[in-house]
Structure formats: C-alpha cells, structure tokens
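Each remark here refers to the structure printed beneath this line.
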Amino acid sequence: MIEVNYVTSSKFKKEENCEFSKNCKLTDGSLIKDIFKFTLHTLNIAERLEVDIEEMVKHEVKEAYSSLRIPCIVEHAGLIFKDYDRRNYPGGLTKPLWNTLGDDFILETNSSNREATARAVIGYCDGKTIKTFIGETKGFLADKPRGDRKFYWDTVFIPDKTLNLTYAEIVQQKGLDYKLIHFSQSAKAMIKFLEFLRNNHDCDLWG
C-alpha cells in the first residue's frame with residue numbers, strides 16, 4: 001500500500017475522501033482502495049488569498065510540509081466564470097466570497113445561469129519539489145441555492161444540463177459516490193495525483 005498524507009480540516013473533504021477511496025478507480029480500472037492508504041491530518045494553515053488557485057495551493061502545501069516533515073498533499077477548489085476564464089476569477093476568492101455572501105452569492109455576483117468551471121488543484125510536496133494536479137468540471141450556476149448538503153457552492157453549481165441538479169442535489173438524490181465517480185473536479189485532480197504517485201513512489205524519500 002502506498003500511503004498518502006492528506007492535510008485538510010474540512011469535514012466535507014474528509015467525508016468525500018472516504019467515499020472516493022472506496023468507490024473510485026484509476027484510469028486503468030485499478031481500485032484506489034487496493035493501492036493507496038489515506039492518512040488524514042488536521043492542521044491550521046493560513047490560506048493566502050489569490051485568484052489563481054494553483055498559487056494558493058503551492059503556498060499551503062509548503063506550509064503543510066513544514067509542519068509534518070513528510071510528503072503530503074492539500075487541495076483547494078473554486079469556480080471560474082466563463083467570461084473571466086483568462087483571469088481565473090473568482091477562483092481562489094470563491095470561498096471568501098461565499099463565506100461573506102452565502103445564499104446571496106448568485107444575486108450579488110449576477111450569476112444566475114452563468115457558465116462556469118469548477119476547478120480543483122491538489123498540491124504535493126515531498127521536501128524537494130512542489131507539484132500541482134488540476135481537475136475541472138464544466139457546468140453552470142443555478143438561479144438560487146438548491147439541495148441540503150451545504151458544502152459551500154455545491155448548492156449552486158450544476159455540472160450537467162441534462163441532469164439539471166446541483167452538486168448538493170446529486171448527493172441528496174443519487175449519493176455522494178455518484179457525484180465523485182461522474183462529476184467531481186476534486187476526484188479528477190486526485191486521480192491525476194495518484195497515478196503520478198504510483199509511478200514515482202519508489203524514489204529515495206519513499207524508501
């Protein structure tokens with residue numbers, strides 16, 4: 001088993017990691033639970049406000065490694081409005097915007113039915129280098145929050161026009177595993193990282 005040290009203080013991310021480990025596969029069909037063991041660490045890491053999520057994650061994983069002194073990962077996600085794609089907005093500012101506006105997020109950002117990309121970035125630090133892995137899911141925003149699972153903007157992001165359900169409604173109606181297997185930008189980023197790790201875990205720091 002290859003150990004993955006995952007730094008997060010979010011109960012939702014911990015819940016998703018558990019379901020991801022049990023139900024998701026690598027691109028070759030290998031079950032993740034047969035290859036990887038996740039160890040979760042709760043650390044208080046100051047988040048640097050950046051529009052670019054990748055820059056935020058690089059800073060956070062460096063701080064995480066400085067505390068743990070073992071190879072580890074952190075993950076951060078946000079929305080990118082289609083008309084601000086080149087500027088990565090709101091990106092890393094999605095979380096503080098949501099914390100401030102809450103259910104008024106759609107109204108205040110004039111985002112009803114707006115096309116957007118959900119982007120997740122996983123940062124990995126092994127003490128020598130920092131690498132990032134990106135997962136994306138395209139979709140659009142609802143006209144108001146929908147669904148009971150209030151994991152930030154999961155109540156407003158709709159990943160599939162045919163399904164026409166927010167992430168929160170997908171979890172509510174079809175299960176968390178369905179969201180992770182079919183849509184989750186975080187799962188996509190994690191699979192990219194795990195495939196990298198499986199191909200490189202024999203380096204000296206993992207001996």
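As shown in the structure tokens, the chain order sets the letters A, B, ...; within each chain, residues go from 1, and ligands are also counted from 1 in the order they appear.
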Contacts between range 122-127 of chain A and range 57-90 of chain A, please, where a residue of range 57-90 of chain A counts if it comes within 7 Å (with only C-alpha atoms); show its shortest atom pair and distance in Å to one decimal, rows by chain and ascending number, as CSV.
```
residue,atom,partner,partner_atom,distance
A:Val57,CA,A:Gly123,CA,5.5
A:Lys58,CA,A:Gly123,CA,5.9
A:Val61,CA,A:Gly123,CA,5.8
A:Lys62,CA,A:Cys125,CA,6.5
A:Tyr65,CA,A:Cys125,CA,6.5
A:Ile70,CA,A:Asp126,CA,6.8
A:Pro71,CA,A:Asp126,CA,4.2
A:Cys72,CA,A:Cys125,CA,5.8
A:Ile73,CA,A:Tyr124,CA,4.5
A:Val74,CA,A:Gly123,CA,5.4
A:Glu75,CA,A:Ile122,CA,4.4
A:His76,CA,A:Ile122,CA,6.7
```
Could you pull out the residues in range 3-160 of chain A that DSSP calls alpha helix (DSSP H) from the backbone, as a ChimeraX atom specification? /A:11-23,53-68,94-101,105-108
Using the chain letters and numbers from this document, which residues of range 58-177 of chain A does DSSP assign to strand (DSSP E), as a PyMOL selection string? chain A and resi 72-81+115-125+130-141+157-158
Given only C-alpha atoms, how would the per-residue table for range 61-138 of chain A near range 149-163 of chain A read, listing every residue at most 7 Å away with its closest atom pair and distance in Å to one decimal, sorted by chain and number, as a Markdown table?
```
| residue | atom | partner | partner_atom | distance |
| --- | --- | --- | --- | --- |
| A:Trp98 | CA | A:Tyr152 | CA | 6.7 |
| A:Thr137 | CA | A:Pro159 | CA | 6.7 |
| A:Lys138 | CA | A:Pro159 | CA | 6.1 |
```
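With CA of Val121 in chain A on one side and CA of Glu50 in chain A on the other, the separation reads 13.1 Å.
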Quick one: of A:Asn44, A:Asn23, A:Thr117, A:Gln173, who's nearest to Glu136 in chain A, counting only C-alpha atoms?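 Checking each candidate against Glu136 in chain A, we get A:Thr117 as the closest.
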Between A:Ala189, A:Leu107, A:Leu40, A:Ile181, which residue has the minimum interatomic distance to Pro145 in chain A, considering only C-alpha atoms?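 When distances to Pro145 in chain A are compared using only C-alpha atoms, the smallest one comes from A:Leu107.
Nearest-residue note for His182 in chain A: choosing from A:Cys18, A:Ile45, A:Cys24, A:Met56, the minimum distance belongs to A:Cys24, counting only C-alpha atoms.
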Do you know which residues are at most 10 Å from Asn17 in chain A counting only C-alpha atoms, after dropping those on the same chain fewer than 4 positions away, and could you put them as number ranges by chain? A: 6, 11-13, 21-23, 38, 40, 180, 186-187, 190
Please dump the current selection as a PDB file, in the first residue's frame; keep C-alpha atoms.
```pdb
ATOM      1  CA  TYR A   6      -3.791  14.378   3.108  1.00  0.00           C
ATOM      2  CA  LYS A  11     -15.401  17.575   7.410  1.00  0.00           C
ATOM      3  CA  PHE A  12     -16.844  17.527   3.891  1.00  0.00           C
ATOM      4  CA  LYS A  13     -13.475  16.773   2.295  1.00  0.00           C
ATOM      5  CA  SER A  21     -11.199   5.731  -1.584  1.00  0.00           C
ATOM      6  CA  LYS A  22     -13.913   3.073  -1.502  1.00  0.00           C
ATOM      7  CA  ASN A  23     -15.597   3.701  -4.849  1.00  0.00           C
ATOM      8  CA  PHE A  38      -5.017   7.824   3.020  1.00  0.00           C
ATOM      9  CA  LEU A  40      -5.777  12.484   7.172  1.00  0.00           C
ATOM     10  CA  LEU A 180     -17.427  11.613  -7.121  1.00  0.00           C
ATOM     11  CA  SER A 186     -11.589  17.115  -6.912  1.00  0.00           C
ATOM     12  CA  ALA A 187     -11.771  13.407  -7.746  1.00  0.00           C
ATOM     13  CA  MET A 190      -6.833  13.312  -7.073  1.00  0.00           C
TER      14      MET A 190
END
```
Quick one: distance from CA of Lys25 in chain A to CA of Phe81 in chain A in Å, one decimal?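 Separation between CA of Lys25 in chain A and CA of Phe81 in chain A: 29.4 Å.
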Work out how far apart CA of Thr132 in chain A and CA of Gly29 in chain A are and give it in Å to one decimal.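 One can read the CA of Thr132 in chain A to CA of Gly29 in chain A distance as 23.0 Å.
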Selection near Pro96 in chain A, 12 Å with only C-alpha atoms, sequence-local residues under 3 positions removed, as a list of chain:residue names: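 The residues satisfying every condition are A:Glu47, A:Arg48, A:Leu49, A:Glu50, A:Val51, A:Ala77, A:Gly78, A:Leu79, A:Pro90, A:Gly91, A:Gly92, A:Leu93, A:Asn99, A:Thr100, A:Leu101, A:Gly102, A:Phe105, A:Tyr152, A:Trp153.
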With C-alpha atoms retained, export the selected residues as a compact mmCIF listing (two decimals), in the first residue's frame.
```
# COMPACT_ATOMS: atom_id res chain seq x y z
CA GLU A 47 -4.87 30.49 3.42
CA ARG A 48 -3.23 33.04 1.15
CA LEU A 49 -5.86 34.91 -0.83
CA GLU A 50 -5.07 34.51 -4.53
CA VAL A 51 -7.31 34.47 -7.58
CA ALA A 77 -11.26 24.30 -5.29
CA GLY A 78 -13.21 27.21 -6.68
CA LEU A 79 -15.38 28.44 -9.54
CA PRO A 90 -13.27 34.21 -8.83
CA GLY A 91 -11.04 31.16 -8.44
CA GLY A 92 -9.33 31.23 -5.06
CA LEU A 93 -11.67 34.03 -3.99
CA ASN A 99 -18.42 32.92 3.32
CA THR A 100 -19.42 36.58 3.07
CA LEU A 101 -22.45 36.37 0.78
CA GLY A 102 -23.83 32.90 1.50
CA PHE A 105 -23.83 34.72 -3.84
CA TYR A 152 -20.00 25.89 0.04
CA TRP A 153 -21.02 26.42 -3.61
```
Counting only C-alpha atoms, the residue of A:Ile170, A:Glu195, A:Ala142, A:Lys179 that sits nearest Asp103 in chain A: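 Among the listed residues, A:Ala142 lies closest to Asp103 in chain A.
Shortest atom-to-atom contact with Glu169 in chain A among A:Arg69, A:Glu115, A:Lys128, A:Asp148: A:Asp148, counting only C-alpha atoms.
Residues in contact range of Arg198 in chain A, defined as at most 9 Å between only C-alpha atoms, with sequence neighbours fewer than 6 positions away removed, read Ile2, Ile35 and Phe36 of chain A.
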Would you export the selected residues with N, CA and C atoms as a short mmCIF file (atom, residue, chain, number, x, y, z; two decimals), in the first residue's frame, please?
```
data_model
loop_
_atom_site.label_atom_id
_atom_site.label_comp_id
_atom_site.auth_asym_id
_atom_site.auth_seq_id
_atom_site.Cartn_x
_atom_site.Cartn_y
_atom_site.Cartn_z
N ILE A 2 0.47 2.22 -0.78
CA ILE A 2 1.17 3.50 -0.84
C ILE A 2 0.41 4.48 0.04
N ILE A 35 -4.66 0.07 -3.66
CA ILE A 35 -3.30 0.56 -3.89
C ILE A 35 -2.88 1.61 -2.87
N PHE A 36 -3.82 2.46 -2.45
CA PHE A 36 -3.48 3.62 -1.63
C PHE A 36 -4.17 3.59 -0.27
#
```
